[in-house]
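Structure record follows, encoded as structure tokens.
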Amino acid sequence: MEVVKRKHSDDYSELMQSFEIKKRNTKPDMTGTETVTLPMSFLTTFKEINRRELKDVLGEKEEYADKITLSNEKLRIDAETWKYLFSRTVNNICGVAREYMDQINDANVKKILLVGGFAESPMLQRKMQETFPDHRIIIPEESGLCVLKGAVLYGHNPAMITSRVSKHTYGIKTFRHFEPALDRPEKRVVREDMVLCKDFFSIHARVGQEFQPGDMVGEHEYVAYSAEAQTLQVDVYTSPKKYPRYVDEEGCEKIGEMRVKQQPGSKVRLQFVFGKTELTLNATAVDEQGTAMPLQDAHFEFLEK
């Protein structure tokens with residue numbers, strides 16, 4: 001597929017577009033077979049790479065016997081095998097949605113809005129209705145264009161978004177005092193006669209928390225690991241959990257970092273700024289007398305995916 005995409009981009013795009021249409025028309029109760037027309041470039045590329053015809057390879061696969069056949073450029077797949085292609089994705093989407101709804105149970109959500117191209121899939125719609133029988137599932141017209149239209153409308157009028165809800169817990173990797181009853185032994189480190197816990201998830205905002213545009217939340221103060229250090233390394237993490245304790249727990253992900261210049265021994269006060277198109281950080285230097293001064297050269301950078 002990578003070779004076809006690179007050498008025969010037109011055929012690849014046509015195949016993907018065809019699959020996109022079929023994806024939205026596949027119903028849970030479909031029977032018979034689904035036919036996919038493969039471009040000739042796909043078949044010739046397969047033969048060049050594998051030195052065999054795709055038809056011959058399919059014929060040797062017992063698990064595909066009488067389920068997937070190839071005649072000329074027509075790939076015919078029986079209904080159950082075709083629907084199985086979508087089952088894992090559908091189950092994963094509904095599983096993530098169920099987990100998130102459990103986390104924000106106190107929000108009393110009654111409606112679920114499905115948007116994006118896959119929202120038009122009857123397979124996904126049926127599974128969402130089965131997963132959330134007590135909720136109203138809303139599928140707007142042209143749901144595949146909803147995100148794009150929303151971005152355009154927001155660009156013309158940013159004030160139309162009155163609040164946002166955090167889909168992650170946001171925090172910073174730091175050290176804190178080690179608590180033997182709560183912290184894992186391998187997290188224990190000693191620094192200048194202080195017993196500390198490393199890799200601690202210092203929470204600034206929790207999943208499900210609502211913000212107004214421009215809200216600055218989670219004010220915490222930090223110091224560099226070394227008293228002589230002139231730069232504070234700030235690593236920003238997210239977690240799907242509401243109360244993560246360490247940044248290396250399952251699901252935690254580093255999304256960005258910031259280096260803050262500081263005077264040795266001083267503190268840096270950090271706040272997360274939500275409600276705009278992207279997350280930003282507000283950094284303020286705090287001296288020994290408690291005087292605060294904004295740090296103009298502190299810039300938060302997202303990691304490249």
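Numbering starts fresh at 1 for the residues of each chain in the structure tokens, the chains themselves are lettered A, B, ... in the order given, and ligands are numbered from 1 as they appear.
Residues with any atom within 12 Å of Thr69 (chain A), counting only C-alpha atoms and excluding same-chain neighbours fewer than 2 positions away, are Thr33, Glu34, Thr35, Val36, Thr37, Leu54, Lys55, Asp56, Val57, Leu58, Gly59, Glu60, Lys61, Glu62, Glu63, Tyr64, Ala65, Asp66, Lys67, Ser71, Asn72, Glu73, Lys74, Leu75, Arg76, Ile77, Asp78 and Thr81 of chain A.
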Practice item. With a distance cut-off of 6 Å and only C-alpha atoms, select the neighbouring residues of Gly256 (chain A), excluding the residue or stretch itself and same-chain residues fewer than 2 positions from it, and output the selection as an MDAnalysis selection string. Key: chainID A and resid 236 254 301:303
Store the residues picked out above in a file with C-alpha atoms, as a compact mmCIF listing (two decimals), in the first residue's frame.
```
# COMPACT_ATOMS: atom_id res chain seq x y z
CA VAL A 236 4.11 18.93 30.29
CA LYS A 254 4.49 14.05 27.18
CA GLU A 301 6.64 24.19 22.57
CA PHE A 302 4.53 21.18 21.58
CA LEU A 303 6.35 18.01 20.66
```
Point to revise | Those in region 49-263 of chain A with strand (DSSP E) from DSSP, as JSON, numbers by chain | key: {"A": [68, 69, 70, 71, 74, 75, 76, 77, 78, 111, 112, 113, 136, 137, 138, 164, 165, 169, 170, 171, 172, 173, 174, 175, 176, 177, 188, 189, 190, 191, 194, 195, 196, 197, 198, 199, 200, 201, 202, 203, 204, 205, 210, 211, 216, 217, 218, 219, 220, 221, 222, 231, 232, 233, 234, 235, 236, 237, 238, 239, 253, 254, 255, 256, 257, 258, 259, 260, 261]}
Exercise for review: Pick out each residue of region 51-199 of chain A that DSSP on the backbone tags as helix (DSSP H, G or I); I need them as a PyMOL selection string.
Suggested key: chain A and resi 54-60+62-64+79-103+105-107+117-120+122-131+143-156+158-160+185-187
Do a neighbour search on Ile203 (chain A) at 8 Å with only C-alpha atoms, toss out local chain neighbours closer than 4 positions, and write the hits as a short mmCIF file (atom, residue, chain, number, x, y, z; two decimals) with C-alpha atoms, in the first residue's frame.
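Just written: selection-v8.cif:
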```
data_model
loop_
_atom_site.label_atom_id
_atom_site.label_comp_id
_atom_site.auth_asym_id
_atom_site.auth_seq_id
_atom_site.Cartn_x
_atom_site.Cartn_y
_atom_site.Cartn_z
CA THR A 169 -5.72 15.71 32.88
CA TYR A 170 -2.83 18.14 32.39
CA GLY A 171 0.22 18.44 34.59
CA ILE A 172 3.97 18.80 34.95
CA GLY A 218 -3.67 25.29 38.30
#
```
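Considering only C-alpha atoms, the residue among A:Arg259, A:Lys149, A:Lys173, A:Lys27 positioned nearest to Ser202 (chain A) is A:Lys173.
The two atoms in question, CA of Ser239 (chain A) and CA of Glu257 (chain A), are spaced 15.6 Å apart.
Closest approach to Gln212 (chain A) from the set A:Phe274, A:Tyr12, A:Phe175, A:Tyr154 is made by A:Phe274, with distances taken over only C-alpha atoms.
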